[in-house]
file coords.cif (mmCIF, C-alpha atoms and all ligand atoms)
data_final
loop_
_atom_site.label_atom_id
_atom_site.label_comp_id
_atom_site.auth_asym_id
_atom_site.auth_seq_id
_atom_site.Cartn_x
_atom_site.Cartn_y
_atom_site.Cartn_z
CA MET A 4 4.94 -19.87 -31.12
CA LEU A 5 3.75 -17.89 -34.11
CA ARG A 6 2.28 -19.73 -37.03
CA ASN A 7 4.11 -19.09 -40.31
CA GLU A 8 1.16 -17.24 -41.88
CA GLN A 9 1.02 -14.94 -38.84
CA LYS A 10 4.74 -14.23 -39.12
CA GLN A 11 4.27 -13.46 -42.80
CA GLU A 12 1.33 -11.14 -42.11
CA LEU A 13 3.21 -9.21 -39.44
CA LYS A 14 6.31 -8.98 -41.63
CA GLN A 15 4.23 -7.48 -44.46
CA LEU A 16 2.56 -5.08 -42.04
CA LYS A 17 5.67 -3.87 -40.31
CA ASP A 18 7.41 -1.98 -43.13
CA SER A 19 4.61 0.34 -44.15
CA SER A 20 2.31 -0.10 -41.23
CA ALA A 21 0.95 2.20 -38.62
CA CYS A 22 0.70 1.14 -35.01
CA ILE A 23 -1.73 2.60 -32.50
CA ILE A 24 -0.68 2.22 -28.87
CA ILE A 25 -3.29 2.71 -26.17
CA GLY A 26 -1.52 3.86 -23.00
CA GLY A 27 1.36 6.26 -22.55
CA GLY A 28 2.73 4.56 -19.44
CA ILE A 29 6.29 3.25 -19.51
CA SER A 30 5.42 0.03 -21.36
CA GLY A 31 3.54 1.86 -24.16
CA LEU A 32 6.36 4.40 -24.51
CA ILE A 33 9.05 1.70 -24.72
CA ILE A 34 7.09 -0.12 -27.42
CA ALA A 35 6.52 3.14 -29.32
CA THR A 36 10.23 4.03 -29.16
CA LEU A 37 11.37 0.63 -30.43
CA LEU A 38 8.84 0.49 -33.28
CA GLN A 39 9.55 4.06 -34.38
CA ARG A 40 13.30 3.35 -34.38
CA ARG A 41 12.60 0.63 -36.95
CA GLY A 42 10.61 2.97 -39.19
CA MET A 43 7.05 2.26 -38.17
CA LYS A 44 4.54 5.06 -37.84
CA VAL A 45 3.42 5.07 -34.22
CA THR A 46 0.66 6.96 -32.44
CA VAL A 47 0.30 6.84 -28.65
CA LEU A 48 -3.09 7.66 -27.10
CA ASP A 49 -3.50 8.29 -23.38
CA LYS A 50 -6.51 9.37 -21.37
CA GLY A 51 -4.38 11.17 -18.76
CA ARG A 52 -3.75 14.91 -18.82
CA GLY A 53 -0.05 14.14 -18.58
CA ILE A 54 2.00 11.28 -19.97
CA GLY A 55 3.39 8.46 -17.82
CA GLY A 56 0.45 6.60 -16.26
CA ARG A 57 1.67 5.27 -12.93
CA LEU A 58 4.93 7.22 -13.35
CA ALA A 59 3.17 10.17 -11.78
CA THR A 60 4.55 13.46 -10.46
CA ARG A 61 2.39 16.41 -9.39
CA ARG A 62 2.94 19.95 -8.10
CA ILE A 63 0.96 21.57 -5.30
CA ASN A 64 1.30 25.34 -4.94
CA TYR A 65 0.83 27.07 -1.63
CA SER A 66 2.26 30.55 -2.12
CA GLU A 67 4.64 32.37 -4.42
CA ASP A 68 7.61 30.83 -2.58
CA ILE A 69 6.22 27.48 -1.53
CA GLU A 70 5.49 24.69 -3.97
CA GLY A 71 5.64 20.96 -3.32
CA VAL A 72 6.61 18.42 -5.99
CA PHE A 73 5.37 14.89 -5.34
CA ASP A 74 6.01 11.49 -6.86
CA TYR A 75 2.71 9.83 -5.98
CA GLY A 76 2.82 6.64 -8.09
CA ALA A 77 6.10 4.74 -8.56
CA GLN A 78 8.74 5.96 -6.11
CA TYR A 79 12.04 4.49 -7.28
CA PHE A 80 13.36 1.47 -9.15
CA SER A 81 16.27 -0.90 -9.28
CA VAL A 82 17.64 -3.03 -12.10
CA LYS A 83 17.91 -6.80 -12.42
CA GLN A 84 18.00 -7.54 -16.15
CA PRO A 85 20.72 -6.36 -18.59
CA GLU A 86 17.99 -5.49 -21.15
CA PHE A 87 16.60 -2.93 -18.73
CA GLN A 88 20.09 -1.71 -17.74
CA VAL A 89 20.61 -0.48 -21.33
CA TRP A 90 17.68 1.95 -20.96
CA VAL A 91 18.73 2.96 -17.45
CA ASP A 92 22.26 3.75 -18.66
CA ASP A 93 20.81 6.06 -21.33
CA TRP A 94 18.53 7.82 -18.80
CA LEU A 95 21.54 8.30 -16.48
CA LYS A 96 23.66 9.66 -19.31
CA GLN A 97 20.91 12.08 -20.37
CA GLY A 98 20.47 13.31 -16.79
CA VAL A 99 16.85 12.08 -16.61
CA ILE A 100 17.44 9.85 -13.57
CA ARG A 101 20.01 9.57 -10.80
CA GLU A 102 20.87 7.17 -8.03
CA TRP A 103 18.75 8.01 -4.99
CA CYS A 104 20.37 5.58 -2.53
CA ARG A 105 21.53 2.02 -2.05
CA GLY A 106 18.84 0.87 0.34
CA PHE A 107 16.24 2.23 2.74
CA GLY A 108 17.05 1.58 6.39
CA LYS A 109 19.43 -1.25 5.52
CA VAL A 110 22.08 -0.43 2.90
CA ASP A 111 22.48 -3.45 0.60
CA GLY A 112 24.66 -1.83 -2.09
CA LYS A 113 22.05 -2.10 -4.85
CA SER A 114 21.29 1.18 -6.65
CA ARG A 115 17.80 2.66 -6.26
CA TYR A 116 17.13 5.21 -9.00
CA CYS A 117 14.69 8.11 -9.16
CA GLY A 118 13.77 10.74 -11.74
CA VAL A 119 15.88 13.90 -11.33
CA LYS A 120 12.66 15.93 -11.63
CA GLY A 121 10.31 13.13 -10.56
CA THR A 122 9.41 9.80 -12.13
CA ARG A 123 7.12 11.37 -14.74
CA SER A 124 10.20 12.98 -16.31
CA ILE A 125 11.27 9.50 -17.54
CA ALA A 126 8.00 9.30 -19.51
CA LYS A 127 8.41 12.88 -20.78
CA TYR A 128 11.92 12.06 -21.98
CA LEU A 129 10.72 8.96 -23.86
CA ALA A 130 7.74 10.83 -25.35
CA GLN A 131 9.66 13.82 -26.70
CA ASP A 132 10.12 12.45 -30.24
CA LEU A 133 6.89 10.43 -30.40
CA GLU A 134 3.42 11.32 -31.61
CA VAL A 135 1.52 11.32 -28.34
CA HIS A 136 -2.06 12.45 -27.74
CA THR A 137 -2.90 13.01 -24.08
CA SER A 138 -6.42 13.70 -22.72
CA THR A 139 -7.51 11.15 -25.36
CA ARG A 140 -9.62 8.32 -23.97
CA VAL A 141 -10.19 5.39 -26.31
CA VAL A 142 -13.80 4.19 -26.06
CA LYS A 143 -14.32 1.93 -29.08
CA LEU A 144 -12.21 -0.41 -31.20
CA ASN A 145 -13.34 -1.49 -34.67
CA TYR A 146 -11.45 -3.88 -36.92
CA GLU A 147 -12.15 -4.73 -40.53
CA THR A 148 -9.04 -4.62 -42.69
CA GLN A 149 -7.56 -1.94 -40.42
CA TRP A 150 -8.18 -0.72 -36.91
CA LEU A 151 -10.44 2.28 -36.48
CA ILE A 152 -10.06 3.65 -32.98
CA GLU A 153 -12.68 6.04 -31.59
CA THR A 154 -12.13 8.34 -28.65
CA GLU A 155 -14.41 10.04 -26.14
CA GLU A 156 -13.35 13.34 -27.71
CA ASN A 157 -14.84 12.16 -31.07
CA GLN A 158 -11.48 11.68 -32.76
CA GLN A 159 -10.68 8.69 -34.96
CA PHE A 160 -7.31 7.03 -35.48
CA ARG A 161 -6.49 4.35 -38.04
CA GLY A 162 -3.76 1.74 -37.75
CA ASP A 163 -2.73 -1.73 -38.87
CA ILE A 164 -1.58 -2.99 -35.48
CA LEU A 165 -3.13 -2.20 -32.11
CA VAL A 166 -1.20 -2.41 -28.83
CA MET A 167 -3.09 -2.18 -25.54
CA THR A 168 -1.16 -1.34 -22.36
CA PRO A 169 -3.80 -0.17 -19.82
CA PRO A 170 -4.26 -2.22 -16.65
CA VAL A 171 -5.82 -5.49 -17.88
CA PRO A 172 -9.36 -4.99 -16.45
CA GLN A 173 -9.54 -1.66 -18.34
CA SER A 174 -8.40 -3.34 -21.57
CA LEU A 175 -11.01 -6.09 -21.09
CA ASP A 176 -13.76 -3.46 -20.62
CA LEU A 177 -12.67 -1.76 -23.81
CA LEU A 178 -12.71 -5.04 -25.76
CA ASP A 179 -16.16 -5.91 -24.35
CA ASN A 180 -17.57 -2.47 -25.18
CA SER A 181 -16.27 -2.98 -28.71
CA GLN A 182 -17.83 -6.46 -29.00
CA ILE A 183 -14.44 -8.02 -29.69
CA ASP A 184 -14.60 -11.63 -28.54
CA LEU A 185 -11.65 -13.41 -27.00
CA ALA A 186 -11.05 -17.15 -26.99
CA THR A 187 -12.32 -18.57 -23.69
CA SER A 188 -8.87 -19.69 -22.52
CA ILE A 189 -7.36 -16.23 -23.14
CA ARG A 190 -10.30 -14.47 -21.51
CA THR A 191 -10.07 -16.71 -18.43
CA SER A 192 -6.33 -16.02 -18.04
CA LEU A 193 -6.84 -12.27 -18.39
CA GLU A 194 -9.76 -12.22 -15.96
CA GLN A 195 -7.53 -13.79 -13.32
CA ILE A 196 -5.23 -10.77 -13.32
CA SER A 197 -6.10 -8.48 -10.43
CA TYR A 198 -4.49 -5.43 -8.85
CA HIS A 199 -4.06 -3.93 -5.39
CA ARG A 200 -5.68 -0.59 -4.77
CA CYS A 201 -3.54 2.11 -3.21
CA ILE A 202 -4.62 5.39 -1.66
CA ALA A 203 -1.91 8.08 -1.75
CA VAL A 204 -1.80 11.24 0.35
CA LEU A 205 0.38 14.12 -0.85
CA ALA A 206 1.08 16.48 2.04
CA LEU A 207 2.89 19.81 2.01
CA LEU A 208 4.47 20.54 5.39
CA GLU A 209 5.44 23.76 7.10
CA LYS A 210 8.71 22.30 8.40
CA PRO A 211 10.96 19.39 7.35
CA SER A 212 9.67 15.94 8.26
CA SER A 213 11.70 13.59 10.40
CA ILE A 214 11.68 10.78 7.85
CA PRO A 215 15.19 9.36 8.18
CA THR A 216 17.85 9.70 5.47
CA PRO A 217 17.67 8.95 2.53
CA GLY A 218 14.01 9.97 2.70
CA GLY A 219 12.08 6.75 2.10
CA LEU A 220 10.60 4.39 4.63
CA ALA A 221 8.99 1.02 3.87
CA LEU A 222 6.47 0.29 6.64
CA GLU A 223 4.51 -2.70 7.79
CA ASP A 224 1.98 -0.65 9.65
CA GLU A 225 -1.69 -1.66 9.31
CA SER A 226 -2.44 1.57 7.45
CA LEU A 227 0.83 2.71 5.83
CA VAL A 228 3.08 0.81 3.48
CA TRP A 229 5.40 3.65 2.38
CA LEU A 230 6.37 7.14 3.45
CA ALA A 231 8.72 9.39 1.46
CA SER A 232 10.21 12.84 1.64
CA ASN A 233 10.25 14.30 -1.88
CA SER A 234 12.44 17.09 -0.52
CA GLN A 235 15.15 14.69 0.64
CA LYS A 236 14.78 12.83 -2.64
CA GLY A 237 15.72 16.12 -4.30
CA ILE A 238 12.64 16.72 -6.48
CA SER A 239 10.92 19.32 -4.29
CA PRO A 240 13.37 22.17 -3.61
CA ASN A 241 10.69 24.76 -2.72
CA GLY A 242 8.45 22.83 -0.36
CA TYR A 243 8.57 20.10 2.29
CA ALA A 244 6.58 17.54 0.31
CA ILE A 245 5.83 14.06 1.62
CA THR A 246 4.03 11.11 -0.03
CA LEU A 247 2.14 8.50 1.99
CA HIS A 248 0.97 5.21 0.47
CA ALA A 249 -1.72 3.21 2.24
CA TYR A 250 -1.59 -0.52 2.79
CA PRO A 251 -3.85 -2.46 0.32
CA HIS A 252 -6.26 -3.55 3.07
CA PHE A 253 -6.59 0.03 4.32
CA SER A 254 -7.12 1.22 0.73
CA ASP A 255 -9.94 -1.31 0.19
CA THR A 256 -11.61 -0.47 3.50
CA TYR A 257 -11.48 3.32 3.19
CA TRP A 258 -11.79 3.65 -0.62
CA ASN A 259 -15.17 5.43 -0.46
CA TYR A 260 -14.41 7.56 2.59
CA SER A 261 -13.99 11.30 2.10
CA ASP A 262 -10.56 12.77 1.40
CA THR A 263 -10.68 14.50 4.80
CA GLU A 264 -11.31 11.25 6.69
CA ILE A 265 -8.61 9.39 4.73
CA ALA A 266 -6.05 12.17 5.23
CA GLN A 267 -6.80 12.38 8.95
CA LYS A 268 -6.24 8.66 9.41
CA LEU A 269 -3.06 8.39 7.30
CA LEU A 270 -1.46 11.62 8.50
CA GLY A 271 -2.31 10.52 12.06
CA ALA A 272 -0.61 7.16 11.50
CA ALA A 273 2.51 8.96 10.20
CA SER A 274 2.51 11.72 12.86
CA SER A 275 5.73 10.58 14.54
CA TRP A 276 7.62 11.11 11.25
CA ILE A 277 5.77 14.23 10.14
CA ASN A 278 6.63 16.44 13.08
CA SER A 279 5.15 19.56 11.44
CA PRO A 280 1.84 21.26 10.67
CA VAL A 281 0.39 20.18 7.29
CA ILE A 282 -0.33 23.28 5.19
CA LYS A 283 -2.02 21.60 2.22
CA TYR A 284 -2.78 18.05 1.06
CA GLN A 285 -4.39 16.07 -1.75
CA VAL A 286 -5.62 12.47 -1.89
CA HIS A 287 -5.20 10.25 -4.96
CA ARG A 288 -6.88 6.85 -5.35
CA TRP A 289 -5.04 4.29 -7.52
CA ARG A 290 -7.67 1.69 -8.47
CA TYR A 291 -4.96 -0.35 -10.22
CA SER A 292 -1.64 0.12 -8.42
CA LEU A 293 0.36 -3.12 -8.38
CA PRO A 294 -0.74 -6.32 -10.12
CA LYS A 295 -1.24 -9.25 -7.70
CA THR A 296 -1.43 -11.95 -10.35
CA PHE A 297 0.32 -12.15 -13.71
CA TYR A 298 -0.14 -13.41 -17.25
CA SER A 299 2.04 -16.41 -18.03
CA LYS A 300 3.99 -14.68 -20.85
CA PRO A 301 5.57 -11.20 -21.18
CA TYR A 302 2.92 -10.09 -23.72
CA LEU A 303 -0.22 -11.44 -25.34
CA ALA A 304 -0.71 -11.56 -29.12
CA LEU A 305 -4.22 -12.47 -30.22
CA PRO A 306 -4.25 -15.26 -32.77
CA GLU A 307 -6.91 -13.80 -35.11
CA LEU A 308 -6.28 -10.07 -34.91
CA PRO A 309 -3.22 -7.79 -35.12
CA LEU A 310 -3.63 -6.96 -31.44
CA VAL A 311 -0.93 -7.18 -28.77
CA MET A 312 -1.31 -6.57 -25.03
CA ALA A 313 1.53 -5.61 -22.69
CA GLY A 314 2.27 -3.94 -19.36
CA ASP A 315 3.56 -4.76 -15.88
CA ALA A 316 0.88 -7.46 -15.34
CA PHE A 317 2.66 -9.51 -18.01
CA VAL A 318 6.00 -9.62 -16.14
CA SER A 319 6.24 -8.13 -12.62
CA PRO A 320 4.69 -5.27 -10.59
CA LYS A 321 7.49 -2.81 -11.23
CA ILE A 322 8.81 -0.27 -13.69
CA GLU A 323 11.31 -2.93 -14.79
CA GLY A 324 8.50 -5.44 -15.38
CA ALA A 325 6.60 -2.95 -17.55
CA VAL A 326 9.76 -2.15 -19.56
CA LEU A 327 10.59 -5.85 -20.12
CA SER A 328 7.02 -6.51 -21.25
CA GLY A 329 7.27 -3.57 -23.65
CA ILE A 330 10.55 -4.87 -25.10
CA ALA A 331 9.10 -8.36 -25.58
CA ALA A 332 5.94 -7.00 -27.25
CA ALA A 333 7.94 -4.78 -29.61
CA ARG A 334 10.21 -7.71 -30.46
CA TYR A 335 7.16 -9.79 -31.35
CA ILE A 336 5.77 -7.04 -33.58
CA LEU A 337 9.11 -6.53 -35.31
CA GLN A 338 9.75 -10.26 -35.49
CA GLU A 339 13.41 -9.86 -34.76
CA SER A 340 15.86 -9.38 -31.90
CA ILE A 341 16.23 -5.80 -30.76
C1 LIG A 401 1.24 3.77 -5.78
C2 LIG A 401 2.21 3.06 -6.66
C3 LIG A 401 3.51 2.83 -6.22
C4 LIG A 401 4.42 2.17 -7.05
N1 LIG A 401 5.72 2.03 -6.62
C5 LIG A 401 6.63 1.51 -7.47
C6 LIG A 401 8.00 1.55 -7.14
O1 LIG A 401 8.41 2.13 -6.13
N2 LIG A 401 8.89 0.95 -8.00
C7 LIG A 401 8.48 0.37 -9.18
O2 LIG A 401 9.32 -0.14 -9.92
N3 LIG A 401 7.18 0.37 -9.53
C8 LIG A 401 6.24 0.93 -8.70
N4 LIG A 401 4.94 0.97 -9.07
C9 LIG A 401 4.52 0.22 -10.27
C10 LIG A 401 4.86 0.96 -11.58
O3 LIG A 401 4.41 2.28 -11.50
C11 LIG A 401 4.16 0.21 -12.70
O4 LIG A 401 4.57 -1.15 -12.70
C12 LIG A 401 4.43 0.77 -14.10
O5 LIG A 401 4.47 2.17 -14.09
C13 LIG A 401 3.34 0.25 -15.03
O6 LIG A 401 3.51 0.78 -16.33
P1 LIG A 401 2.50 0.37 -17.49
O7 LIG A 401 2.91 1.07 -18.71
O8 LIG A 401 2.41 -1.12 -17.54
O9 LIG A 401 1.04 0.85 -17.01
P2 LIG A 401 0.47 2.31 -16.72
O10 LIG A 401 1.53 3.20 -16.19
O11 LIG A 401 -0.75 2.10 -15.87
O12 LIG A 401 0.04 2.84 -18.16
C14 LIG A 401 -1.21 2.54 -18.74
C15 LIG A 401 -1.74 3.81 -19.40
O13 LIG A 401 -2.96 3.49 -20.08
C16 LIG A 401 -3.76 4.64 -20.06
N5 LIG A 401 -5.14 4.24 -20.38
C17 LIG A 401 -5.95 3.37 -19.71
N6 LIG A 401 -7.13 3.25 -20.34
C18 LIG A 401 -7.08 4.06 -21.43
C19 LIG A 401 -8.00 4.37 -22.48
N7 LIG A 401 -9.22 3.84 -22.55
N8 LIG A 401 -7.61 5.28 -23.43
C20 LIG A 401 -6.38 5.85 -23.40
N9 LIG A 401 -5.47 5.59 -22.42
C21 LIG A 401 -5.81 4.70 -21.46
C22 LIG A 401 -3.59 5.18 -18.64
O14 LIG A 401 -3.93 6.55 -18.56
C23 LIG A 401 -2.11 4.92 -18.39
O15 LIG A 401 -1.32 6.06 -18.68
C24 LIG A 401 4.01 1.68 -8.30
C25 LIG A 401 2.70 1.94 -8.76
C26 LIG A 401 1.83 2.63 -7.95
C27 LIG A 401 0.45 2.99 -8.48
#
call {"tool": "encode", "arguments": {"input": "coords.cif", "output": "structure tokens", "more": "lines below"}}
Ligand SMILES: Cc1cc2nc3c(=O)[nH]c(=O)nc-3n(C[C@H](O)[C@H](O)[C@H](O)COP(=O)(O)OP(=O)(O)OC[C@H]3O[C@@H](n4cnc5c(N)ncnc54)[C@H](O)[C@@H]3O)c2cc1C
result
Amino acid sequence: MLRNEQKQELKQLKDSSACIIIGGGISGLIIATLLQRRGMKVTVLDKGRGIGGRLATRRINYSEDIEGVFDYGAQYFSVKQPEFQVWVDDWLKQGVIREWCRGFGKVDGKSRYCGVKGTRSIAKYLAQDLEVHTSTRVVKLNYETQWLIETEENQQFRGDILVMTPPVPQSLDLLDNSQIDLATSIRTSLEQISYHRCIAVLALLEKPSSIPTPGGLALEDESLVWLASNSQKGISPNGYAITLHAYPHFSDTYWNYSDTEIAQKLLGAASSWINSPVIKYQVHRWRYSLPKTFYSKPYLALPELPLVMAGDAFVSPKIEGAVLSGIAAARYILQESI
């Protein structure tokens, strides 16, 4: 529960205040949208070249006619909570997402959604009316009466409230590098949050794969956890593009192996579904893919500083979890029901 003085401070801040959000993943973008709707000045900073964080879509060109489009982070999502459904309904209405299927292998009737042009397009849609700075890595946080945020690119941003949405170990590093001390109990809880690694292989094929309809396969292989046809999913019309996700244990074991060795092993393990020569591939290493352990509340507000932390590790390892954390964090900052 917030102390009364804290409530008062945040209330005074909110009308005229500026909020800096570190992280342009889905949780940061949801927070930014909700705060901006209520009149706050919001700036989103992200170190990535593109927006979206783990909502990641990439193109690989082969020739003038052949280009693969790959979702290589989050693959699809479903909805449990009505608060998330409101956002999903808007994305459906705006043509940003569509239903991909109602189950992989076994149809269970529950909608699985995907971005019409890949999952990153959800982030692009949310970012279109926001002030977002990509390729902007925050390296130092200073707080006196306001936040002064320094970036690797030697830019400075000022704000009254700071929201951090990177994976928790990255946020902790940033706080440590900035000599911002946390209470021992908070620090201990945050240090307990850990993530699976995931190696992804993005492979462009000469011919269609034999991944069964609807184009996604959850596996319990010792090397592969997921295999998807981006062509069947509908996001790669000009190239037979498949995404392979490695099992966490495989990802830990082979993390430092070369791309060639990793691709050989994973493409080999998937050979019965690939059924085609591979004409080009790329390997991506997700150091923080899915959280394994979670914070006990949907966001963290520091008692002494106007600093809020949010993201999937505060709710559940899914797009929905990140969105619900973002809604809860924004609600805290605005001190009202949204
Ligand atoms: C391989 C993989 C498969 C997945 N599959 C699914 C799935 O099928 N369905 C599903 O629902 N979910 C899936 N997920 C999980 C889902 O992608 C995440 O839960 C969700 O996207 C997390 O959003 P977020 O905003 O909390 O974090 P992120 O998306 O990680 O956003 C954090 C942002 O912070 C930025 N950042 C970090 N440090 C700094 C810094 N110093 N300065 C500036 N910016 C910084 C990062 O660049 C990043 O953009 C998957 C994730 C992965 C990686």
call {"tool": "closest_atom_pairs", "arguments": {"input": "coords.cif", "of": "segment 119-238 of chain A", "to": "segment 39-43 of chain A", "cutoff": "10 Å", "atoms": "only C-alpha atoms", "output": "CSV"}}
result
residue,atom,partner,partner_atom,distance
A:Asp132,CA,A:Gln39,CA,9.4
A:Leu133,CA,A:Gln39,CA,8.0
A:Glu134,CA,A:Gln39,CA,9.9
call {"tool": "atom_distance", "arguments": {"input": "coords.cif", "atom1": "atom CA of Ala333 of chain A", "atom2": "atom C20 of ligand LIG 401 (chain A)"}}
result
18.9 Å
call {"tool": "closest_atom_pairs", "arguments": {"input": "coords.cif", "of": "chain A", "to": "ligand LIG 401 (chain A)", "cutoff": "6 Å", "atoms": "only C-alpha atoms and all ligand atoms", "output": "Markdown table"}}
result
| residue | atom | partner | partner_atom | distance |
| --- | --- | --- | --- | --- |
| A:Ile25 | CA | A:LIG401 | C20 | 5.2 |
| A:Gly26 | CA | A:LIG401 | O13 | 3.3 |
| A:Gly27 | CA | A:LIG401 | O15 | 4.7 |
| A:Gly28 | CA | A:LIG401 | O12 | 3.4 |
| A:Ile29 | CA | A:LIG401 | O7 | 4.1 |
| A:Ser30 | CA | A:LIG401 | O7 | 3.8 |
| A:Gly31 | CA | A:LIG401 | O7 | 5.5 |
| A:Leu48 | CA | A:LIG401 | C20 | 5.3 |
| A:Asp49 | CA | A:LIG401 | N9 | 3.5 |
| A:Lys50 | CA | A:LIG401 | N9 | 4.1 |
| A:Gly51 | CA | A:LIG401 | O14 | 4.6 |
| A:Gly55 | CA | A:LIG401 | O15 | 5.4 |
| A:Gly56 | CA | A:LIG401 | O15 | 3.0 |
| A:Arg57 | CA | A:LIG401 | O10 | 3.9 |
| A:Leu58 | CA | A:LIG401 | O5 | 5.1 |
| A:Gly76 | CA | A:LIG401 | C2 | 3.9 |
| A:Ala77 | CA | A:LIG401 | N1 | 3.4 |
| A:Gln78 | CA | A:LIG401 | O1 | 3.8 |
| A:Tyr79 | CA | A:LIG401 | O1 | 4.5 |
| A:Phe80 | CA | A:LIG401 | O2 | 4.4 |
| A:Thr139 | CA | A:LIG401 | C20 | 5.8 |
| A:Arg140 | CA | A:LIG401 | N8 | 3.7 |
| A:Val141 | CA | A:LIG401 | N8 | 3.9 |
| A:Val142 | CA | A:LIG401 | N7 | 5.8 |
| A:Thr168 | CA | A:LIG401 | C14 | 5.3 |
| A:Pro169 | CA | A:LIG401 | O13 | 3.8 |
| A:Pro170 | CA | A:LIG401 | O11 | 5.6 |
| A:Gln173 | CA | A:LIG401 | N6 | 5.8 |
| A:Cys201 | CA | A:LIG401 | C1 | 5.7 |
| A:Trp289 | CA | A:LIG401 | C27 | 5.7 |
| A:Ser292 | CA | A:LIG401 | C27 | 3.6 |
| A:Leu293 | CA | A:LIG401 | C25 | 5.6 |
| A:Gly314 | CA | A:LIG401 | O8 | 3.4 |
| A:Asp315 | CA | A:LIG401 | O8 | 4.2 |
| A:Pro320 | CA | A:LIG401 | O4 | 4.6 |
| A:Lys321 | CA | A:LIG401 | O2 | 3.5 |
| A:Ile322 | CA | A:LIG401 | O2 | 3.8 |
| A:Glu323 | CA | A:LIG401 | O2 | 6.0 |
| A:Ala325 | CA | A:LIG401 | O8 | 4.6 |
call {"tool": "closest_residue", "arguments": {"input": "coords.cif", "among": "A:Tyr284, A:Tyr128, A:Tyr335, A:Tyr65", "to": "Thr246 of chain A", "atoms": "only C-alpha atoms"}}
result
A:Tyr284
call {"tool": "closest_residue", "arguments": {"input": "coords.cif", "among": "A:Arg334, A:Arg290, A:Arg161, A:Lys236", "to": "Thr46 of chain A", "atoms": "all atoms listed in the file"}}
result
A:Arg161
call {"tool": "atom_distance", "arguments": {"input": "coords.cif", "atom1": "atom CA of Leu222 of chain A", "atom2": "atom CA of Ile54 of chain A"}}
result
29.1 Å
call {"tool": "closest_residue", "arguments": {"input": "coords.cif", "among": "A:Gly237, A:Gly324, A:Gly53, A:Gly242", "to": "Glu102 of chain A", "atoms": "all atoms listed in the file"}}
result
A:Gly237
call {"tool": "closest_residue", "arguments": {"input": "coords.cif", "among": "A:Gln97, A:Ser81, A:Ser192, A:Thr60", "to": "Ala244 of chain A", "atoms": "only C-alpha atoms"}}
result
A:Thr60
call {"tool": "closest_residue", "arguments": {"input": "coords.cif", "among": "A:Ala203, A:Ile282, A:Ala186, A:Trp229", "to": "Pro306 of chain A", "atoms": "only C-alpha atoms"}}
result
A:Ala186
call {"tool": "atom_distance", "arguments": {"input": "coords.cif", "atom1": "atom CA of His287 of chain A", "atom2": "atom CA of Glu209 of chain A"}}
result
21.0 Å
call {"tool": "residues_around", "arguments": {"input": "coords.cif", "residues": "Ser20 of chain A", "least_positions_apart": "6", "cutoff": "9 Å", "atoms": "all atoms listed in the file", "output": "PyMOL selection string"}}
result
chain A and resi 43-45+162-164
call {"tool": "closest_atom_pairs", "arguments": {"input": "coords.cif", "of": "segment 191-232 of chain A", "to": "segment 104-114 of chain A", "cutoff": "9 Å", "atoms": "only C-alpha atoms", "output": "tab-separated table"}}
result
residue	atom	partner	partner_atom	distance
A:Pro215	CA	A:Gly108	CA	8.2
A:Thr216	CA	A:Phe107	CA	8.1
A:Pro217	CA	A:Cys104	CA	6.7
A:Gly218	CA	A:Phe107	CA	8.1
A:Gly219	CA	A:Phe107	CA	6.2
A:Leu220	CA	A:Phe107	CA	6.3
A:Ala221	CA	A:Phe107	CA	7.4
call {"tool": "write_last_selection", "arguments": {"input": "coords.cif", "atoms": "C-alpha atoms", "output": "short mmCIF file (atom, residue, chain, number, x, y, z; two decimals), in the coordinates of the input"}}
result
data_model
loop_
_atom_site.label_atom_id
_atom_site.label_comp_id
_atom_site.auth_asym_id
_atom_site.auth_seq_id
_atom_site.Cartn_x
_atom_site.Cartn_y
_atom_site.Cartn_z
CA PRO A 215 15.19 9.36 8.18
CA THR A 216 17.85 9.70 5.47
CA PRO A 217 17.67 8.95 2.53
CA GLY A 218 14.01 9.97 2.70
CA GLY A 219 12.08 6.75 2.10
CA LEU A 220 10.60 4.39 4.63
CA ALA A 221 8.99 1.02 3.87
#
call {"tool": "closest_residue", "arguments": {"input": "coords.cif", "among": "A:Leu310, A:Glu67, A:Ala59, A:Arg200", "to": "Thr256 of chain A", "atoms": "all atoms listed in the file"}}
result
A:Arg200
call {"tool": "decode", "arguments": {"input": "coords.cif", "residues": "segment 44-50 of chain A", "atoms": "N, CA and C atoms", "output": "PDB file, in the first residue's frame"}}
result
ATOM      1  N   LYS A  44       3.712  13.880 -20.209  1.00  0.00           N
ATOM      2  CA  LYS A  44       4.732  13.886 -21.257  1.00  0.00           C
ATOM      3  C   LYS A  44       5.570  12.626 -21.053  1.00  0.00           C
ATOM      4  N   VAL A  45       5.653  11.833 -22.108  1.00  0.00           N
ATOM      5  CA  VAL A  45       6.323  10.533 -21.978  1.00  0.00           C
ATOM      6  C   VAL A  45       7.417  10.403 -23.028  1.00  0.00           C
ATOM      7  N   THR A  46       8.564   9.893 -22.612  1.00  0.00           N
ATOM      8  CA  THR A  46       9.648   9.606 -23.557  1.00  0.00           C
ATOM      9  C   THR A  46      10.075   8.157 -23.360  1.00  0.00           C
ATOM     10  N   VAL A  47      10.099   7.399 -24.461  1.00  0.00           N
ATOM     11  CA  VAL A  47      10.508   5.992 -24.387  1.00  0.00           C
ATOM     12  C   VAL A  47      11.903   5.865 -24.997  1.00  0.00           C
ATOM     13  N   LEU A  48      12.808   5.211 -24.267  1.00  0.00           N
ATOM     14  CA  LEU A  48      14.180   5.015 -24.753  1.00  0.00           C
ATOM     15  C   LEU A  48      14.434   3.522 -24.913  1.00  0.00           C
ATOM     16  N   ASP A  49      14.945   3.123 -26.064  1.00  0.00           N
ATOM     17  CA  ASP A  49      15.240   1.696 -26.253  1.00  0.00           C
ATOM     18  C   ASP A  49      16.574   1.526 -26.964  1.00  0.00           C
ATOM     19  N   LYS A  50      17.344   0.554 -26.483  1.00  0.00           N
ATOM     20  CA  LYS A  50      18.668   0.337 -27.074  1.00  0.00           C
ATOM     21  C   LYS A  50      18.587  -0.365 -28.429  1.00  0.00           C
TER      22      LYS A  50
END
